[in-house]
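**Student:** The structure file run.pdb (PDB, C-alpha atoms) is provided below.
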ATOM      1  CA  MET X   1     202.691 136.242  45.688  1.00  0.00           C
ATOM      2  CA  PRO X   2     199.892 138.392  44.228  1.00  0.00           C
ATOM      3  CA  THR X   3     200.496 142.102  43.978  1.00  0.00           C
ATOM      4  CA  ARG X   4     198.362 144.619  45.828  1.00  0.00           C
ATOM      5  CA  SER X   5     196.167 145.200  42.772  1.00  0.00           C
ATOM      6  CA  ALA X   6     195.661 141.447  42.277  1.00  0.00           C
ATOM      7  CA  ARG X   7     193.690 141.375  45.530  1.00  0.00           C
ATOM      8  CA  ALA X   8     190.416 143.208  45.259  1.00  0.00           C
ATOM      9  CA  ALA X   9     190.011 145.990  47.765  1.00  0.00           C
ATOM     10  CA  PRO X  10     186.453 146.875  48.706  1.00  0.00           C
ATOM     11  CA  ALA X  11     185.016 149.040  45.926  1.00  0.00           C
ATOM     12  CA  ARG X  12     184.886 152.720  46.833  1.00  0.00           C
ATOM     13  CA  GLN X  13     181.860 154.521  45.461  1.00  0.00           C
ATOM     14  CA  GLU X  14     183.810 157.482  44.197  1.00  0.00           C
ATOM     15  CA  PRO X  15     183.417 158.959  40.750  1.00  0.00           C
ATOM     16  CA  LEU X  16     185.283 157.213  37.970  1.00  0.00           C
ATOM     17  CA  SER X  17     186.683 159.201  35.088  1.00  0.00           C
ATOM     18  CA  GLU X  18     184.991 158.770  31.717  1.00  0.00           C
ATOM     19  CA  THR X  19     187.983 156.732  30.587  1.00  0.00           C
ATOM     20  CA  LEU X  20     187.804 154.343  33.539  1.00  0.00           C
ATOM     21  CA  GLU X  21     184.040 153.979  33.082  1.00  0.00           C
ATOM     22  CA  ASP X  22     184.675 153.063  29.439  1.00  0.00           C
ATOM     23  CA  TYR X  23     187.256 150.463  30.461  1.00  0.00           C
ATOM     24  CA  LEU X  24     184.946 148.996  33.092  1.00  0.00           C
ATOM     25  CA  GLU X  25     182.135 148.790  30.525  1.00  0.00           C
ATOM     26  CA  ILE X  26     184.383 147.014  28.027  1.00  0.00           C
ATOM     27  CA  VAL X  27     185.671 144.563  30.633  1.00  0.00           C
ATOM     28  CA  PHE X  28     182.051 143.851  31.612  1.00  0.00           C
ATOM     29  CA  LEU X  29     180.972 143.278  28.006  1.00  0.00           C
ATOM     30  CA  LEU X  30     184.000 141.117  27.174  1.00  0.00           C
ATOM     31  CA  SER X  31     183.652 139.073  30.367  1.00  0.00           C
ATOM     32  CA  ARG X  32     180.142 137.918  29.576  1.00  0.00           C
ATOM     33  CA  PRO X  33     181.195 134.833  27.571  1.00  0.00           C
ATOM     34  CA  SER X  34     183.935 133.940  30.072  1.00  0.00           C
ATOM     35  CA  ALA X  35     184.883 135.111  33.530  1.00  0.00           C
ATOM     36  CA  THR X  36     188.254 136.634  32.625  1.00  0.00           C
ATOM     37  CA  VAL X  37     189.334 139.110  29.973  1.00  0.00           C
ATOM     38  CA  ARG X  38     192.700 139.338  28.241  1.00  0.00           C
ATOM     39  CA  VAL X  39     194.531 142.653  28.032  1.00  0.00           C
ATOM     40  CA  SER X  40     194.970 142.179  24.276  1.00  0.00           C
ATOM     41  CA  ASP X  41     191.188 141.850  23.803  1.00  0.00           C
ATOM     42  CA  ILE X  42     190.580 145.089  25.693  1.00  0.00           C
ATOM     43  CA  ALA X  43     193.309 146.864  23.697  1.00  0.00           C
ATOM     44  CA  ARG X  44     191.748 145.676  20.439  1.00  0.00           C
ATOM     45  CA  ALA X  45     188.235 146.742  21.513  1.00  0.00           C
ATOM     46  CA  LYS X  46     189.442 150.211  22.562  1.00  0.00           C
ATOM     47  CA  ALA X  47     191.955 150.554  19.704  1.00  0.00           C
ATOM     48  CA  VAL X  48     194.725 151.446  22.158  1.00  0.00           C
ATOM     49  CA  ARG X  49     198.100 149.978  23.084  1.00  0.00           C
ATOM     50  CA  MET X  50     198.403 147.325  25.776  1.00  0.00           C
ATOM     51  CA  PRO X  51     200.395 149.489  28.246  1.00  0.00           C
ATOM     52  CA  THR X  52     197.499 151.959  28.242  1.00  0.00           C
ATOM     53  CA  VAL X  53     195.099 149.139  29.116  1.00  0.00           C
ATOM     54  CA  VAL X  54     197.393 147.868  31.880  1.00  0.00           C
ATOM     55  CA  THR X  55     197.431 151.305  33.525  1.00  0.00           C
ATOM     56  CA  ALA X  56     193.625 151.502  33.468  1.00  0.00           C
ATOM     57  CA  LEU X  57     193.270 147.955  34.818  1.00  0.00           C
ATOM     58  CA  HIS X  58     195.581 148.728  37.733  1.00  0.00           C
ATOM     59  CA  ARG X  59     193.497 151.819  38.568  1.00  0.00           C
ATOM     60  CA  LEU X  60     190.265 149.825  38.471  1.00  0.00           C
ATOM     61  CA  ALA X  61     191.840 147.095  40.616  1.00  0.00           C
ATOM     62  CA  GLU X  62     192.974 149.686  43.176  1.00  0.00           C
ATOM     63  CA  ARG X  63     189.373 150.871  43.423  1.00  0.00           C
ATOM     64  CA  GLY X  64     188.132 147.305  43.956  1.00  0.00           C
ATOM     65  CA  TYR X  65     186.316 146.842  40.651  1.00  0.00           C
ATOM     66  CA  LEU X  66     188.448 143.998  39.347  1.00  0.00           C
ATOM     67  CA  ARG X  67     191.263 141.617  40.115  1.00  0.00           C
ATOM     68  CA  TYR X  68     194.329 142.110  37.988  1.00  0.00           C
ATOM     69  CA  ALA X  69     198.040 141.398  38.232  1.00  0.00           C
ATOM     70  CA  ALA X  70     200.631 142.135  35.539  1.00  0.00           C
ATOM     71  CA  GLY X  71     200.743 139.401  32.926  1.00  0.00           C
ATOM     72  CA  GLU X  72     197.392 137.943  33.951  1.00  0.00           C
ATOM     73  CA  ASN X  73     193.811 138.281  32.778  1.00  0.00           C
ATOM     74  CA  ALA X  74     191.402 140.734  34.394  1.00  0.00           C
ATOM     75  CA  GLN X  75     188.422 139.494  36.365  1.00  0.00           C
ATOM     76  CA  LEU X  76     185.562 141.650  37.624  1.00  0.00           C
ATOM     77  CA  THR X  77     184.716 141.708  41.302  1.00  0.00           C
ATOM     78  CA  ARG X  78     181.074 141.625  42.345  1.00  0.00           C
ATOM     79  CA  ALA X  79     181.129 145.436  42.671  1.00  0.00           C
ATOM     80  CA  GLY X  80     182.853 145.746  39.279  1.00  0.00           C
ATOM     81  CA  ALA X  81     180.280 143.530  37.591  1.00  0.00           C
ATOM     82  CA  ALA X  82     177.413 145.501  39.142  1.00  0.00           C
ATOM     83  CA  ARG X  83     178.833 148.882  38.165  1.00  0.00           C
ATOM     84  CA  GLY X  84     179.874 147.626  34.712  1.00  0.00           C
ATOM     85  CA  ARG X  85     176.351 146.292  34.138  1.00  0.00           C
ATOM     86  CA  ARG X  86     174.853 149.690  35.037  1.00  0.00           C
ATOM     87  CA  ILE X  87     177.277 151.522  32.751  1.00  0.00           C
ATOM     88  CA  ALA X  88     176.520 149.131  29.862  1.00  0.00           C
ATOM     89  CA  ALA X  89     172.764 149.459  30.482  1.00  0.00           C
ATOM     90  CA  ARG X  90     173.014 153.248  30.511  1.00  0.00           C
ATOM     91  CA  HIS X  91     174.911 153.183  27.204  1.00  0.00           C
ATOM     92  CA  ALA X  92     172.465 150.734  25.571  1.00  0.00           C
ATOM     93  CA  PHE X  93     169.461 152.722  26.780  1.00  0.00           C
ATOM     94  CA  LEU X  94     170.787 156.022  25.439  1.00  0.00           C
ATOM     95  CA  GLN X  95     171.793 154.498  22.117  1.00  0.00           C
ATOM     96  CA  ARG X  96     168.341 152.955  21.642  1.00  0.00           C
ATOM     97  CA  PHE X  97     166.667 156.218  22.719  1.00  0.00           C
ATOM     98  CA  LEU X  98     168.659 158.221  20.186  1.00  0.00           C
ATOM     99  CA  SER X  99     168.196 155.763  17.324  1.00  0.00           C
ATOM    100  CA  ASP X 100     164.676 154.411  17.912  1.00  0.00           C
ATOM    101  CA  THR X 101     162.946 157.416  19.448  1.00  0.00           C
ATOM    102  CA  LEU X 102     164.718 160.315  17.777  1.00  0.00           C
ATOM    103  CA  GLY X 103     165.707 158.588  14.527  1.00  0.00           C
ATOM    104  CA  VAL X 104     169.423 159.366  14.842  1.00  0.00           C
ATOM    105  CA  PRO X 105     171.497 157.118  12.524  1.00  0.00           C
ATOM    106  CA  GLU X 106     173.034 154.147  14.398  1.00  0.00           C
ATOM    107  CA  ALA X 107     176.686 155.225  14.040  1.00  0.00           C
ATOM    108  CA  ILE X 108     175.951 158.707  15.362  1.00  0.00           C
ATOM    109  CA  ALA X 109     173.686 157.331  18.112  1.00  0.00           C
ATOM    110  CA  ALA X 110     176.477 154.990  19.287  1.00  0.00           C
ATOM    111  CA  ARG X 111     179.023 157.806  19.434  1.00  0.00           C
ATOM    112  CA  ASP X 112     176.663 160.271  21.105  1.00  0.00           C
ATOM    113  CA  ALA X 113     175.457 157.697  23.654  1.00  0.00           C
ATOM    114  CA  CYS X 114     179.072 157.124  24.666  1.00  0.00           C
ATOM    115  CA  GLY X 115     179.451 160.832  25.393  1.00  0.00           C
ATOM    116  CA  LEU X 116     176.087 161.310  27.107  1.00  0.00           C
ATOM    117  CA  GLU X 117     176.330 158.267  29.350  1.00  0.00           C
ATOM    118  CA  HIS X 118     178.989 159.925  31.496  1.00  0.00           C
ATOM    119  CA  HIS X 119     177.116 163.150  32.133  1.00  0.00           C
ATOM    120  CA  LEU X 120     173.456 162.362  32.794  1.00  0.00           C
ATOM    121  CA  ALA X 121     172.202 161.876  36.334  1.00  0.00           C
ATOM    122  CA  PRO X 122     170.291 158.668  37.117  1.00  0.00           C
ATOM    123  CA  GLU X 123     167.163 160.783  37.721  1.00  0.00           C
ATOM    124  CA  THR X 124     167.423 162.192  34.188  1.00  0.00           C
ATOM    125  CA  LEU X 125     167.775 158.707  32.712  1.00  0.00           C
ATOM    126  CA  GLU X 126     164.733 157.492  34.646  1.00  0.00           C
ATOM    127  CA  ARG X 127     162.708 160.454  33.359  1.00  0.00           C
ATOM    128  CA  LEU X 128     163.805 159.657  29.796  1.00  0.00           C
ATOM    129  CA  ALA X 129     162.709 156.036  30.298  1.00  0.00           C
ATOM    130  CA  ALA X 130     159.318 157.184  31.608  1.00  0.00           C
ATOM    131  CA  PHE X 131     158.936 159.602  28.679  1.00  0.00           C
ATOM    132  CA  VAL X 132     159.665 156.913  26.104  1.00  0.00           C
ATOM    133  CA  ASP X 133     157.333 154.507  27.908  1.00  0.00           C
ATOM    134  CA  TYR X 134     154.611 157.157  27.630  1.00  0.00           C
ATOM    135  CA  LEU X 135     155.279 157.569  23.916  1.00  0.00           C
ATOM    136  CA  ASP X 136     155.185 153.818  23.345  1.00  0.00           C
ATOM    137  CA  ARG X 137     151.796 153.522  25.075  1.00  0.00           C
ATOM    138  CA  CYS X 138     150.384 156.491  23.165  1.00  0.00           C
ATOM    139  CA  PRO X 139     148.687 155.561  19.876  1.00  0.00           C
ATOM    140  CA  LEU X 140     150.223 157.494  16.994  1.00  0.00           C
ATOM    141  CA  GLY X 141     146.810 158.239  15.547  1.00  0.00           C
ATOM    142  CA  GLY X 142     145.325 159.773  18.664  1.00  0.00           C
ATOM    143  CA  GLY X 143     145.776 160.125  22.369  1.00  0.00           C
ATOM    144  CA  PRO X 144     147.137 163.115  24.220  1.00  0.00           C
ATOM    145  CA  PRO X 145     148.590 166.034  22.285  1.00  0.00           C
ATOM    146  CA  GLY X 146     152.204 165.503  21.353  1.00  0.00           C
ATOM    147  CA  CYS X 147     151.927 161.787  20.650  1.00  0.00           C
ATOM    148  CA  ARG X 148     152.598 162.345  16.980  1.00  0.00           C
ATOM    149  CA  TRP X 149     155.806 164.315  17.485  1.00  0.00           C
ATOM    150  CA  ARG X 150     158.137 161.511  16.453  1.00  0.00           C
ATOM    151  CA  SER X 151     159.406 161.868  12.936  1.00  0.00           C
ATOM    152  CA  ALA X 152     158.738 159.318  10.206  1.00  0.00           C
ATOM    153  CA  GLU X 153     162.467 158.506  10.346  1.00  0.00           C
ATOM    154  CA  ALA X 154     162.244 157.762  14.065  1.00  0.00           C
ATOM    155  CA  ARG X 155     159.222 155.513  13.573  1.00  0.00           C
ATOM    156  CA  ALA X 156     160.947 153.737  10.683  1.00  0.00           C
ATOM    157  CA  ALA X 157     164.124 153.262  12.717  1.00  0.00           C
ATOM    158  CA  GLY X 158     162.189 151.133  15.180  1.00  0.00           C
ATOM    159  CA  ARG X 159     160.568 148.879  12.566  1.00  0.00           C
ATOM    160  CA  GLY X 160     161.735 145.322  12.482  1.00  0.00           C
ATOM    161  CA  ARG X 161     163.138 145.557  15.998  1.00  0.00           C
ATOM    162  CA  ARG X 162     161.851 143.777  19.018  1.00  0.00           C
ATOM    163  CA  PRO X 163     159.879 146.151  21.251  1.00  0.00           C
ATOM    164  CA  PHE X 164     162.163 147.733  23.790  1.00  0.00           C
ATOM    165  CA  ALA X 165     161.094 147.416  27.416  1.00  0.00           C
ATOM    166  CA  TRP X 166     161.946 150.949  28.485  1.00  0.00           C
ATOM    167  CA  ARG X 167     160.440 150.592  31.957  1.00  0.00           C
ATOM    168  CA  ALA X 168     162.635 147.574  32.655  1.00  0.00           C
ATOM    169  CA  TRP X 169     165.695 149.709  31.935  1.00  0.00           C
ATOM    170  CA  ALA X 170     164.842 152.193  34.661  1.00  0.00           C
ATOM    171  CA  GLY X 171     165.805 149.653  37.320  1.00  0.00           C
ATOM    172  CA  ARG X 172     169.085 148.861  35.591  1.00  0.00           C
ATOM    173  CA  LEU X 173     169.932 152.538  35.316  1.00  0.00           C
ATOM    174  CA  ARG X 174     169.519 153.286  39.031  1.00  0.00           C
ATOM    175  CA  GLY X 175     172.819 154.072  40.635  1.00  0.00           C
ATOM    176  CA  ALA X 176     174.481 154.483  37.250  1.00  0.00           C
ATOM    177  CA  GLY X 177     175.898 157.867  38.151  1.00  0.00           C
ATOM    178  CA  GLU X 178     177.383 157.058  41.549  1.00  0.00           C
ATOM    179  CA  GLY X 179     179.496 159.831  42.879  1.00  0.00           C
ATOM    180  CA  ARG X 180     178.003 162.483  40.619  1.00  0.00           C
TER     181      ARG X 180
END
Take the structure in this file and express it as structure tokens.

**Tutor:**
Amino acid sequence: MPTRSARAAPARQEPLSETLEDYLEIVFLLSRPSATVRVSDIARAKAVRMPTVVTALHRLAERGYLRYAAGENAQLTRAGAARGRRIAARHAFLQRFLSDTLGVPEAIAARDACGLEHHLAPETLERLAAFVDYLDRCPLGGGPPGCRWRSAEARAAGRGRRPFAWRAWAGRLRGAGEGR
């Protein structure tokens, strides 16, 4: 008989701790190739021990974000997949903003994005997306004052990369800070 946490309770839109948001993001990213995620894969991705992962999975299951029972794989609920997608989008957006727009080295941008993603309101993220969209539409050689503010390093960081659809990210970022 499945345990209480194996059955998914309706997801409560209460704030998740940074740690639980990180776990939900990792489960979302690891579940993309297959529907379920092994505890050992999460532990390896987070560089933590399996009992630590099990505790986090039980907490997420209690909140209705995934189905999990001891000794089994984790599976996102619809609410868990939606919230995990928003968290992952928020992280990817911030990392690309830091690296491509500001010229922050990739390793630092990845670390800083992980910290920022938990503390910015959805309205702030949407404003950042609109700002970057404005910069991308502004010709570097002219246009409104301020268009040339990006450093040579920031412009070089974006070379060779596919153009980033900043506006498209605004929709994915909505609701990313539920409960804040």

**Student:** What do you get, as a list in words, if you spell out every residue that the PyMOL selection byres ((chain X and resi 41) around 12) selects here?

**Tutor:** Tyr23, Ile26, Val27, Leu29, Leu30, Ser31, Thr36, Val37, Arg38, Val39, Ser40, Ile42, Ala43, Arg44, Ala45, Lys46, Ala47, Val48, Arg49, Met50, Val53, Val54, Asn73 and Ala74 of chain X

**Student:** Export, as a compact mmCIF listing (two decimals), in the frame of the given file, the selected residues with C-alpha atoms.

**Tutor:**
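Dumped everything to out.txt:
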# COMPACT_ATOMS: atom_id res chain seq x y z
CA TYR X 23 187.26 150.46 30.46
CA ILE X 26 184.38 147.01 28.03
CA VAL X 27 185.67 144.56 30.63
CA LEU X 29 180.97 143.28 28.01
CA LEU X 30 184.00 141.12 27.17
CA SER X 31 183.65 139.07 30.37
CA THR X 36 188.25 136.63 32.62
CA VAL X 37 189.33 139.11 29.97
CA ARG X 38 192.70 139.34 28.24
CA VAL X 39 194.53 142.65 28.03
CA SER X 40 194.97 142.18 24.28
CA ILE X 42 190.58 145.09 25.69
CA ALA X 43 193.31 146.86 23.70
CA ARG X 44 191.75 145.68 20.44
CA ALA X 45 188.24 146.74 21.51
CA LYS X 46 189.44 150.21 22.56
CA ALA X 47 191.96 150.55 19.70
CA VAL X 48 194.72 151.45 22.16
CA ARG X 49 198.10 149.98 23.08
CA MET X 50 198.40 147.32 25.78
CA VAL X 53 195.10 149.14 29.12
CA VAL X 54 197.39 147.87 31.88
CA ASN X 73 193.81 138.28 32.78
CA ALA X 74 191.40 140.73 34.39

**Student:** Edge lengths and centre in Å to one decimal, as lines of an AutoDock Vina configuration file, of the axis-aligned box that encloses all listed atoms of segment 124-132 of chain X with 3 Å added on every side?

**Tutor:**
center_x = 163.4
center_y = 159.1
center_z = 30.4
size_x = 14.8
size_y = 12.2
size_z = 14.5

**Student:** Go ahead and compute the interatomic distance for atom CA of His58 of chain X and atom CA of Asp112 of chain X, in Å to one decimal.

**Tutor:** 27.7 Å

**Student:** If you take all atoms listed in the file and a cut-off of 12 Å, which residues of segment 41-91 of chain X touch segment 115-139 of chain X, and what are their nearest atom pairs and distances in Å to one decimal, in chain and number order, as a Markdown table?

**Tutor:**
| residue | atom | partner | partner_atom | distance |
| --- | --- | --- | --- | --- |
| X:Arg86 | CA | X:Pro122 | CA | 10.3 |
| X:Ile87 | CA | X:Glu117 | CA | 7.6 |
| X:Ala88 | CA | X:Glu117 | CA | 9.2 |
| X:Ala89 | CA | X:Glu117 | CA | 9.6 |
| X:Arg90 | CA | X:Glu117 | CA | 6.1 |
| X:His91 | CA | X:Glu117 | CA | 5.7 |

**Student:** Do you know which residues the PyMOL selection byres ((chain X and resi 77) around 7) returns on this file, as a PDB file with C-alpha atoms, in the coordinates of the input?

**Tutor:**
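expr_5.pdb, written as the output of this step:
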ATOM      1  CA  TYR X  65     186.316 146.842  40.651  1.00  0.00           C
ATOM      2  CA  LEU X  66     188.448 143.998  39.347  1.00  0.00           C
ATOM      3  CA  ARG X  67     191.263 141.617  40.115  1.00  0.00           C
ATOM      4  CA  GLN X  75     188.422 139.494  36.365  1.00  0.00           C
ATOM      5  CA  LEU X  76     185.562 141.650  37.624  1.00  0.00           C
ATOM      6  CA  ARG X  78     181.074 141.625  42.345  1.00  0.00           C
ATOM      7  CA  ALA X  79     181.129 145.436  42.671  1.00  0.00           C
ATOM      8  CA  GLY X  80     182.853 145.746  39.279  1.00  0.00           C
ATOM      9  CA  ALA X  81     180.280 143.530  37.591  1.00  0.00           C
TER      10      ALA X  81
END
